[in-house]
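Student: Here you go, start_35.cif (mmCIF, N, CA and C atoms):
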```cif
data_run
#
loop_
_atom_site.label_atom_id
_atom_site.label_comp_id
_atom_site.auth_asym_id
_atom_site.auth_seq_id
_atom_site.Cartn_x
_atom_site.Cartn_y
_atom_site.Cartn_z
N MET A 125 28.26 13.19 31.28
CA MET A 125 28.65 14.21 30.34
C MET A 125 28.06 13.86 28.97
N ILE A 126 27.72 14.86 28.22
CA ILE A 126 27.14 14.65 26.90
C ILE A 126 28.26 14.65 25.86
N TYR A 127 28.30 13.59 25.07
CA TYR A 127 29.27 13.50 23.97
C TYR A 127 28.74 14.25 22.76
N GLY A 128 27.48 14.03 22.44
CA GLY A 128 26.92 14.68 21.27
C GLY A 128 25.40 14.66 21.28
N ILE A 129 24.82 15.59 20.55
CA ILE A 129 23.38 15.62 20.36
C ILE A 129 23.09 15.71 18.87
N GLY A 130 21.94 15.19 18.48
CA GLY A 130 21.54 15.27 17.09
C GLY A 130 20.04 15.39 17.00
N CYS A 131 19.59 16.14 16.02
CA CYS A 131 18.17 16.33 15.81
C CYS A 131 17.92 16.23 14.31
N ASP A 132 16.81 15.64 13.93
CA ASP A 132 16.46 15.58 12.51
C ASP A 132 14.95 15.63 12.36
N ILE A 133 14.52 16.25 11.29
CA ILE A 133 13.10 16.33 10.96
C ILE A 133 12.92 15.74 9.56
N ALA A 134 11.83 15.02 9.38
CA ALA A 134 11.54 14.40 8.08
C ALA A 134 10.10 14.71 7.69
N ALA A 135 9.91 15.00 6.43
CA ALA A 135 8.56 15.21 5.90
C ALA A 135 7.90 13.84 5.73
N VAL A 136 6.77 13.64 6.37
CA VAL A 136 6.07 12.35 6.32
C VAL A 136 5.72 11.99 4.88
N ARG A 137 5.28 12.94 4.10
CA ARG A 137 4.85 12.66 2.72
C ARG A 137 5.98 12.11 1.86
N ARG A 138 7.22 12.39 2.23
CA ARG A 138 8.38 11.88 1.49
C ARG A 138 8.38 10.34 1.45
N PHE A 139 7.77 9.74 2.44
CA PHE A 139 7.82 8.28 2.57
C PHE A 139 6.65 7.57 1.88
N ALA A 140 5.79 8.33 1.21
CA ALA A 140 4.64 7.74 0.52
C ALA A 140 5.10 6.74 -0.55
N LYS A 141 6.13 7.08 -1.29
CA LYS A 141 6.66 6.15 -2.31
C LYS A 141 7.31 4.93 -1.65
N TRP A 142 7.93 5.17 -0.51
CA TRP A 142 8.68 4.11 0.16
C TRP A 142 7.78 2.97 0.64
N VAL A 143 6.59 3.30 1.13
CA VAL A 143 5.74 2.25 1.74
C VAL A 143 5.29 1.21 0.72
N SER A 144 5.33 1.55 -0.56
CA SER A 144 4.95 0.57 -1.59
C SER A 144 6.17 -0.03 -2.27
N ASP A 145 7.36 0.28 -1.79
CA ASP A 145 8.60 -0.21 -2.39
C ASP A 145 9.38 -1.02 -1.35
N ASN A 146 9.18 -2.32 -1.36
CA ASN A 146 9.82 -3.19 -0.37
C ASN A 146 11.34 -3.10 -0.41
N ASP A 147 11.91 -2.89 -1.60
CA ASP A 147 13.37 -2.78 -1.71
C ASP A 147 13.89 -1.54 -0.99
N MET A 148 13.16 -0.44 -1.12
CA MET A 148 13.57 0.80 -0.46
C MET A 148 13.48 0.64 1.06
N ILE A 149 12.40 0.05 1.52
CA ILE A 149 12.25 -0.17 2.97
C ILE A 149 13.37 -1.07 3.48
N ALA A 150 13.64 -2.17 2.78
CA ALA A 150 14.69 -3.10 3.21
C ALA A 150 16.07 -2.46 3.17
N ARG A 151 16.26 -1.48 2.31
CA ARG A 151 17.56 -0.81 2.18
C ARG A 151 17.90 0.02 3.41
N PHE A 152 16.87 0.64 4.02
CA PHE A 152 17.12 1.58 5.10
C PHE A 152 16.67 1.13 6.48
N PHE A 153 15.81 0.11 6.55
CA PHE A 153 15.22 -0.26 7.83
C PHE A 153 15.54 -1.69 8.22
N ASN A 154 15.82 -1.86 9.50
CA ASN A 154 16.08 -3.17 10.08
C ASN A 154 14.79 -3.99 10.05
N GLU A 155 14.92 -5.29 9.97
CA GLU A 155 13.74 -6.16 9.91
C GLU A 155 12.82 -5.97 11.12
N GLN A 156 13.37 -5.54 12.25
CA GLN A 156 12.55 -5.31 13.43
C GLN A 156 11.71 -4.03 13.32
N GLU A 157 12.04 -3.18 12.37
CA GLU A 157 11.30 -1.94 12.18
C GLU A 157 10.22 -2.05 11.10
N ILE A 158 10.32 -3.06 10.27
CA ILE A 158 9.42 -3.18 9.12
C ILE A 158 8.04 -3.64 9.58
N ILE A 159 7.02 -2.90 9.14
CA ILE A 159 5.65 -3.23 9.51
C ILE A 159 4.85 -3.58 8.26
N ALA A 160 3.90 -4.47 8.41
CA ALA A 160 3.07 -4.89 7.28
C ALA A 160 1.65 -4.35 7.40
N ASN A 161 1.22 -4.06 8.60
CA ASN A 161 -0.17 -3.63 8.82
C ASN A 161 -0.25 -2.14 9.07
N GLY A 162 -1.44 -1.61 8.87
CA GLY A 162 -1.68 -0.19 9.12
C GLY A 162 -1.98 0.55 7.82
N THR A 163 -2.51 1.74 7.98
CA THR A 163 -2.81 2.57 6.82
C THR A 163 -1.50 3.08 6.21
N ASP A 164 -1.59 3.58 4.99
CA ASP A 164 -0.40 4.15 4.37
C ASP A 164 0.12 5.34 5.18
N LEU A 165 -0.79 6.15 5.72
CA LEU A 165 -0.36 7.29 6.54
C LEU A 165 0.39 6.80 7.78
N HIS A 166 -0.14 5.79 8.44
CA HIS A 166 0.53 5.23 9.62
C HIS A 166 1.92 4.72 9.25
N LYS A 167 2.03 4.03 8.13
CA LYS A 167 3.33 3.51 7.70
C LYS A 167 4.29 4.65 7.38
N CYS A 168 3.80 5.69 6.73
CA CYS A 168 4.65 6.85 6.41
C CYS A 168 5.18 7.49 7.68
N GLU A 169 4.33 7.69 8.67
CA GLU A 169 4.76 8.27 9.94
C GLU A 169 5.77 7.36 10.62
N HIS A 170 5.49 6.07 10.61
CA HIS A 170 6.36 5.06 11.23
C HIS A 170 7.77 5.14 10.65
N TYR A 171 7.87 5.11 9.33
CA TYR A 171 9.18 5.12 8.70
C TYR A 171 9.85 6.50 8.77
N ALA A 172 9.08 7.56 8.66
CA ALA A 172 9.65 8.91 8.71
C ALA A 172 10.34 9.17 10.05
N VAL A 173 9.69 8.82 11.14
CA VAL A 173 10.27 9.10 12.45
C VAL A 173 11.48 8.21 12.72
N ARG A 174 11.48 7.01 12.21
CA ARG A 174 12.63 6.13 12.38
C ARG A 174 13.82 6.58 11.53
N PHE A 175 13.52 7.05 10.32
CA PHE A 175 14.58 7.58 9.48
C PHE A 175 15.19 8.82 10.14
N ALA A 176 14.36 9.68 10.68
CA ALA A 176 14.85 10.86 11.39
C ALA A 176 15.74 10.46 12.57
N ALA A 177 15.39 9.38 13.27
CA ALA A 177 16.21 8.91 14.40
C ALA A 177 17.59 8.46 13.93
N LYS A 178 17.64 7.78 12.81
CA LYS A 178 18.92 7.32 12.27
C LYS A 178 19.81 8.52 11.91
N GLU A 179 19.20 9.53 11.28
CA GLU A 179 19.93 10.74 10.91
C GLU A 179 20.38 11.50 12.17
N ALA A 180 19.51 11.61 13.15
CA ALA A 180 19.85 12.31 14.39
C ALA A 180 21.00 11.59 15.11
N PHE A 181 20.97 10.27 15.10
CA PHE A 181 22.06 9.50 15.71
C PHE A 181 23.38 9.81 15.02
N SER A 182 23.39 9.83 13.69
CA SER A 182 24.64 10.09 12.97
C SER A 182 25.18 11.48 13.30
N LYS A 183 24.29 12.43 13.51
CA LYS A 183 24.71 13.78 13.89
C LYS A 183 25.26 13.81 15.32
N ALA A 184 24.62 13.09 16.21
CA ALA A 184 25.09 13.04 17.60
C ALA A 184 26.47 12.38 17.69
N LEU A 185 26.67 11.36 16.88
CA LEU A 185 27.95 10.65 16.87
C LEU A 185 29.03 11.49 16.20
N GLY A 186 28.62 12.35 15.28
CA GLY A 186 29.57 13.22 14.60
C GLY A 186 30.24 12.61 13.40
N THR A 187 29.71 11.51 12.91
CA THR A 187 30.32 10.82 11.77
C THR A 187 29.54 11.01 10.48
N GLY A 188 28.36 11.59 10.57
CA GLY A 188 27.47 11.50 9.42
C GLY A 188 27.14 10.03 9.24
N LEU A 189 26.94 9.62 8.03
CA LEU A 189 26.58 8.22 7.79
C LEU A 189 27.78 7.34 7.51
N ALA A 190 28.98 7.86 7.68
CA ALA A 190 30.20 7.10 7.43
C ALA A 190 30.39 6.02 8.49
N GLY A 191 30.76 4.84 8.05
CA GLY A 191 31.13 3.78 8.97
C GLY A 191 30.02 2.83 9.35
N PHE A 192 28.79 3.08 8.88
CA PHE A 192 27.73 2.14 9.20
C PHE A 192 26.57 2.25 8.20
N ASN A 193 25.77 1.22 8.19
CA ASN A 193 24.59 1.15 7.34
C ASN A 193 23.38 1.54 8.19
N LEU A 194 22.45 2.27 7.61
CA LEU A 194 21.29 2.72 8.38
C LEU A 194 20.46 1.57 8.96
N ARG A 195 20.50 0.41 8.35
CA ARG A 195 19.77 -0.75 8.90
C ARG A 195 20.35 -1.18 10.24
N ASN A 196 21.60 -0.79 10.51
CA ASN A 196 22.27 -1.22 11.73
C ASN A 196 21.98 -0.32 12.93
N VAL A 197 21.13 0.68 12.73
CA VAL A 197 20.64 1.54 13.80
C VAL A 197 19.13 1.47 13.69
N TYR A 198 18.46 1.02 14.76
CA TYR A 198 17.02 0.82 14.63
C TYR A 198 16.30 1.06 15.96
N ILE A 199 15.01 1.31 15.83
CA ILE A 199 14.17 1.63 16.98
C ILE A 199 13.36 0.41 17.39
N VAL A 200 13.34 0.15 18.69
CA VAL A 200 12.41 -0.80 19.30
C VAL A 200 11.72 -0.05 20.43
N HIS A 201 10.69 -0.63 20.98
CA HIS A 201 9.97 -0.01 22.10
C HIS A 201 9.96 -0.97 23.28
N ASP A 202 10.12 -0.42 24.48
CA ASP A 202 10.03 -1.27 25.67
C ASP A 202 8.57 -1.56 25.99
N ASP A 203 8.32 -2.28 27.06
CA ASP A 203 6.95 -2.69 27.41
C ASP A 203 6.03 -1.50 27.68
N ASP A 204 6.60 -0.37 28.05
CA ASP A 204 5.81 0.83 28.31
C ASP A 204 5.64 1.70 27.06
N GLY A 205 6.24 1.28 25.95
CA GLY A 205 6.14 2.05 24.71
C GLY A 205 7.26 3.05 24.49
N LYS A 206 8.20 3.12 25.43
CA LYS A 206 9.31 4.06 25.30
C LYS A 206 10.24 3.59 24.17
N PRO A 207 10.59 4.49 23.24
CA PRO A 207 11.50 4.09 22.17
C PRO A 207 12.93 3.92 22.68
N LYS A 208 13.61 2.98 22.06
CA LYS A 208 15.01 2.73 22.40
C LYS A 208 15.77 2.56 21.08
N LEU A 209 16.89 3.25 20.97
CA LEU A 209 17.73 3.14 19.78
C LEU A 209 18.67 1.95 19.97
N MET A 210 18.56 1.00 19.08
CA MET A 210 19.39 -0.20 19.14
C MET A 210 20.52 -0.08 18.12
N LEU A 211 21.67 -0.64 18.46
CA LEU A 211 22.84 -0.57 17.60
C LEU A 211 23.36 -1.98 17.32
N SER A 212 23.64 -2.27 16.06
CA SER A 212 24.25 -3.55 15.73
C SER A 212 25.67 -3.56 16.31
N ASN A 213 26.31 -4.71 16.27
CA ASN A 213 27.67 -4.82 16.82
C ASN A 213 28.63 -3.84 16.17
N VAL A 214 28.55 -3.69 14.86
CA VAL A 214 29.45 -2.78 14.14
C VAL A 214 29.27 -1.35 14.64
N VAL A 215 28.05 -0.92 14.79
CA VAL A 215 27.78 0.45 15.24
C VAL A 215 28.12 0.61 16.72
N ALA A 216 27.83 -0.40 17.52
CA ALA A 216 28.17 -0.34 18.95
C ALA A 216 29.69 -0.21 19.12
N GLU A 217 30.45 -0.91 18.29
CA GLU A 217 31.92 -0.80 18.35
C GLU A 217 32.37 0.60 17.92
N LEU A 218 31.71 1.17 16.93
CA LEU A 218 32.03 2.53 16.49
C LEU A 218 31.75 3.54 17.60
N VAL A 219 30.63 3.39 18.29
CA VAL A 219 30.29 4.27 19.41
C VAL A 219 31.32 4.12 20.52
N GLU A 220 31.69 2.89 20.84
CA GLU A 220 32.68 2.67 21.89
C GLU A 220 34.03 3.29 21.51
N LYS A 221 34.42 3.16 20.26
CA LYS A 221 35.69 3.71 19.80
C LYS A 221 35.69 5.24 19.90
N ARG A 222 34.59 5.87 19.51
CA ARG A 222 34.52 7.34 19.51
C ARG A 222 34.19 7.92 20.88
N CYS A 223 33.35 7.22 21.64
CA CYS A 223 32.81 7.80 22.87
C CYS A 223 33.33 7.13 24.14
N GLY A 224 33.89 5.94 24.00
CA GLY A 224 34.36 5.20 25.16
C GLY A 224 33.35 4.15 25.60
N ALA A 225 33.84 3.21 26.40
CA ALA A 225 32.98 2.14 26.91
C ALA A 225 31.92 2.73 27.83
N GLY A 226 30.75 2.16 27.78
CA GLY A 226 29.68 2.60 28.67
C GLY A 226 28.86 3.77 28.16
N ALA A 227 29.12 4.22 26.92
CA ALA A 227 28.32 5.31 26.37
C ALA A 227 26.87 4.86 26.25
N ARG A 228 25.96 5.78 26.54
CA ARG A 228 24.53 5.48 26.47
C ARG A 228 23.89 6.39 25.43
N VAL A 229 22.95 5.81 24.68
CA VAL A 229 22.28 6.57 23.64
C VAL A 229 20.81 6.73 24.03
N HIS A 230 20.34 7.97 24.02
CA HIS A 230 18.95 8.28 24.35
C HIS A 230 18.27 8.82 23.11
N VAL A 231 16.99 8.49 22.95
CA VAL A 231 16.25 8.94 21.78
C VAL A 231 14.84 9.39 22.18
N SER A 232 14.37 10.42 21.52
CA SER A 232 13.00 10.87 21.66
C SER A 232 12.43 11.04 20.26
N LEU A 233 11.20 10.57 20.06
CA LEU A 233 10.55 10.60 18.75
C LEU A 233 9.22 11.33 18.84
N SER A 234 8.86 12.01 17.76
CA SER A 234 7.57 12.65 17.70
C SER A 234 7.15 12.81 16.25
N HIS A 235 5.86 12.72 15.99
CA HIS A 235 5.37 13.04 14.65
C HIS A 235 3.98 13.66 14.78
N GLU A 236 3.73 14.58 13.87
CA GLU A 236 2.47 15.31 13.87
C GLU A 236 2.12 15.64 12.42
N LYS A 237 1.14 14.96 11.90
CA LYS A 237 0.64 15.18 10.55
C LYS A 237 1.74 15.16 9.50
N GLU A 238 2.33 16.30 9.22
CA GLU A 238 3.24 16.41 8.09
C GLU A 238 4.71 16.13 8.39
N TYR A 239 5.09 16.14 9.67
CA TYR A 239 6.50 16.03 10.00
C TYR A 239 6.76 15.01 11.11
N ALA A 240 7.95 14.44 11.05
CA ALA A 240 8.42 13.53 12.09
C ALA A 240 9.76 14.08 12.59
N LEU A 241 9.97 14.00 13.89
CA LEU A 241 11.15 14.58 14.52
C LEU A 241 11.79 13.55 15.44
N ALA A 242 13.11 13.53 15.43
CA ALA A 242 13.85 12.68 16.37
C ALA A 242 14.99 13.48 16.98
N PHE A 243 15.24 13.20 18.25
CA PHE A 243 16.30 13.86 18.99
C PHE A 243 17.12 12.76 19.67
N VAL A 244 18.43 12.80 19.51
CA VAL A 244 19.31 11.78 20.07
C VAL A 244 20.39 12.45 20.91
N VAL A 245 20.65 11.89 22.08
CA VAL A 245 21.75 12.33 22.95
C VAL A 245 22.64 11.13 23.23
N ILE A 246 23.93 11.32 23.06
CA ILE A 246 24.89 10.30 23.45
C ILE A 246 25.57 10.78 24.73
N GLU A 247 25.42 9.98 25.77
CA GLU A 247 25.96 10.32 27.08
C GLU A 247 27.15 9.43 27.39
N VAL A 248 28.21 10.04 27.92
CA VAL A 248 29.41 9.28 28.28
C VAL A 248 29.70 9.42 29.76
#
```
Just give me the structure of the file as structure tokens.
Tutor:
Amino acid sequence: MIYGIGCDIAAVRRFAKWVSDNDMIARFFNEQEIIANGTDLHKCEHYAVRFAAKEAFSKALGTGLAGFNLRNVYIVHDDDGKPKLMLSNVVAELVEKRCGAGARVHVSLSHEKEYALAFVVIEV
């Protein structure tokens, strides 16, 4: 059964200032998401789609951003490149409290030139 769904879109250009501001990146992104290499465009796309995933997750959970820090929700990729939304202990406990034990979080990411999109489903 689906507990919640969330979708968010982010303008890639919004992140142009962020890629040169280490404090801003550290404020919103987990250390596992922070990249040092790549063009500015690549970095903007990278951060835009991850930020969209964090927002989509908060919508799927139904809490908005209350109860957790955005750094505590982050994207990693498996060996095949599939994105996976990771949750810190605090956020995992929040999901368990709201959705029950065994809830699973699914994420899909996409970006194309000007926009980045993330879709999150929480399954119980």
Student: How close does each residue of stretch 143-187 of chain A get to stretch 217-235 of chain A, giving the shortest atom pair and distance in Å to one decimal for every residue with an atom at most 8 Å away, counting all atoms listed in the file, sorted by chain and residue number, as a Markdown table?
Tutor:
```
| residue | atom | partner | partner_atom | distance |
| --- | --- | --- | --- | --- |
| A:Glu169 | CA | A:His235 | CA | 6.7 |
| A:Ala172 | C | A:His235 | CA | 7.8 |
| A:Val173 | CA | A:Ser234 | C | 6.2 |
| A:Arg174 | N | A:Leu233 | CA | 7.5 |
| A:Ala177 | CA | A:Ser232 | C | 7.3 |
| A:Leu185 | CA | A:Val219 | CA | 7.3 |
```
Student: Report, in Å to a single decimal, how far apart atom N of A:Lys208 and atom C of A:Ala242 are.
Tutor: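 Atom-to-atom, atom C of A:Ala242 and atom N of A:Lys208 are spaced 11.7 Å apart.
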Student: Would you write out, as a CSV table (one decimal) with N, CA and C atoms, in the coordinates of the input, every residue that the PyMOL selection byres ((chain A and resi 134) around 8) captures in this file?
Tutor:
```
chain,number,residue,atom,x,y,z
A,131,CYS,N,19.6,16.1,16.0
A,131,CYS,CA,18.2,16.3,15.8
A,131,CYS,C,17.9,16.2,14.3
A,132,ASP,N,16.8,15.6,13.9
A,132,ASP,CA,16.5,15.6,12.5
A,132,ASP,C,15.0,15.6,12.4
A,133,ILE,N,14.5,16.2,11.3
A,133,ILE,CA,13.1,16.3,11.0
A,133,ILE,C,12.9,15.7,9.6
A,135,ALA,N,9.9,15.0,6.4
A,135,ALA,CA,8.6,15.2,5.9
A,135,ALA,C,7.9,13.8,5.7
A,136,VAL,N,6.8,13.6,6.4
A,136,VAL,CA,6.1,12.4,6.3
A,136,VAL,C,5.7,12.0,4.9
A,137,ARG,N,5.3,12.9,4.1
A,137,ARG,CA,4.8,12.7,2.7
A,137,ARG,C,6.0,12.1,1.9
A,138,ARG,N,7.2,12.4,2.2
A,138,ARG,CA,8.4,11.9,1.5
A,138,ARG,C,8.4,10.3,1.4
A,139,PHE,N,7.8,9.7,2.4
A,139,PHE,CA,7.8,8.3,2.6
A,139,PHE,C,6.6,7.6,1.9
A,172,ALA,N,9.1,7.6,8.7
A,172,ALA,CA,9.6,8.9,8.7
A,172,ALA,C,10.3,9.2,10.0
A,173,VAL,N,9.7,8.8,11.1
A,173,VAL,CA,10.3,9.1,12.4
A,173,VAL,C,11.5,8.2,12.7
A,175,PHE,N,13.5,7.0,10.3
A,175,PHE,CA,14.6,7.6,9.5
A,175,PHE,C,15.2,8.8,10.1
A,176,ALA,N,14.4,9.7,10.7
A,176,ALA,CA,14.8,10.9,11.4
A,176,ALA,C,15.7,10.5,12.6
A,177,ALA,N,15.4,9.4,13.3
A,177,ALA,CA,16.2,8.9,14.4
A,177,ALA,C,17.6,8.5,13.9
A,238,GLU,N,2.3,16.3,9.2
A,238,GLU,CA,3.2,16.4,8.1
A,238,GLU,C,4.7,16.1,8.4
A,239,TYR,N,5.1,16.1,9.7
A,239,TYR,CA,6.5,16.0,10.0
A,239,TYR,C,6.8,15.0,11.1
A,240,ALA,N,8.0,14.4,11.0
A,240,ALA,CA,8.4,13.5,12.1
A,240,ALA,C,9.8,14.1,12.6
A,241,LEU,N,10.0,14.0,13.9
A,241,LEU,CA,11.2,14.6,14.5
A,241,LEU,C,11.8,13.6,15.4
A,242,ALA,N,13.1,13.5,15.4
A,242,ALA,CA,13.8,12.7,16.4
A,242,ALA,C,15.0,13.5,17.0
```
Student: Can you give me, as a PyMOL selection string, the residues this file yields under the PyMOL selection byres (((chain A and resi 215 and name CA) around 8) and name CA)?
Tutor: chain A and resi 191-192+196-197+211-214+216-219
Student: So the first atom is atom C of A:Ile126 and the second is atom N of A:Glu247; what is the distance between them in Å, to one decimal place?
Tutor: 5.5 Å
Student: Would you mind listing what lies within 6.5 Å of A:Tyr127 as a list in words, with all atoms listed in the file counted and same-chain residues fewer than 4 positions away left out?
Tutor: Ala184, Val245, Ile246, Glu247 and Val248 of chain A
Student: Between atom C of A:Glu155 and atom N of A:Pro207, what is the distance, to one decimal in Å?
Tutor: 16.2 Å
Student: Please return, as a count of residues only, all residues of chain A that DSSP assigns to strand (DSSP E or B) on the basis of the backbone.
Tutor: 38
Student: Residues of stretch 160-227 of chain A classed as helix (DSSP H, G or I) by DSSP on the backbone are to be reported as an MDAnalysis selection string.
Tutor: chainID A and resid 164:185 194:196 213:223
Student: If we count only N, CA and C atoms and set the cut-off at 8 Å, which residues sit around A:Glu157, ignoring sequence neighbours fewer than 3 positions away in its own chain? Please answer as a list of chain:residue names.
Tutor: A:Phe153, A:Asn154, A:Ala160, A:His170, A:Tyr171, A:Tyr198, A:Ile199, A:Val200
Student: With distances taken over only C-alpha atoms, which residue among A:Met148, A:Leu165, A:Met210, A:Val244 lies nearest A:Glu179?
Tutor: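 Closest to A:Glu179 of all the choices is A:Val244.
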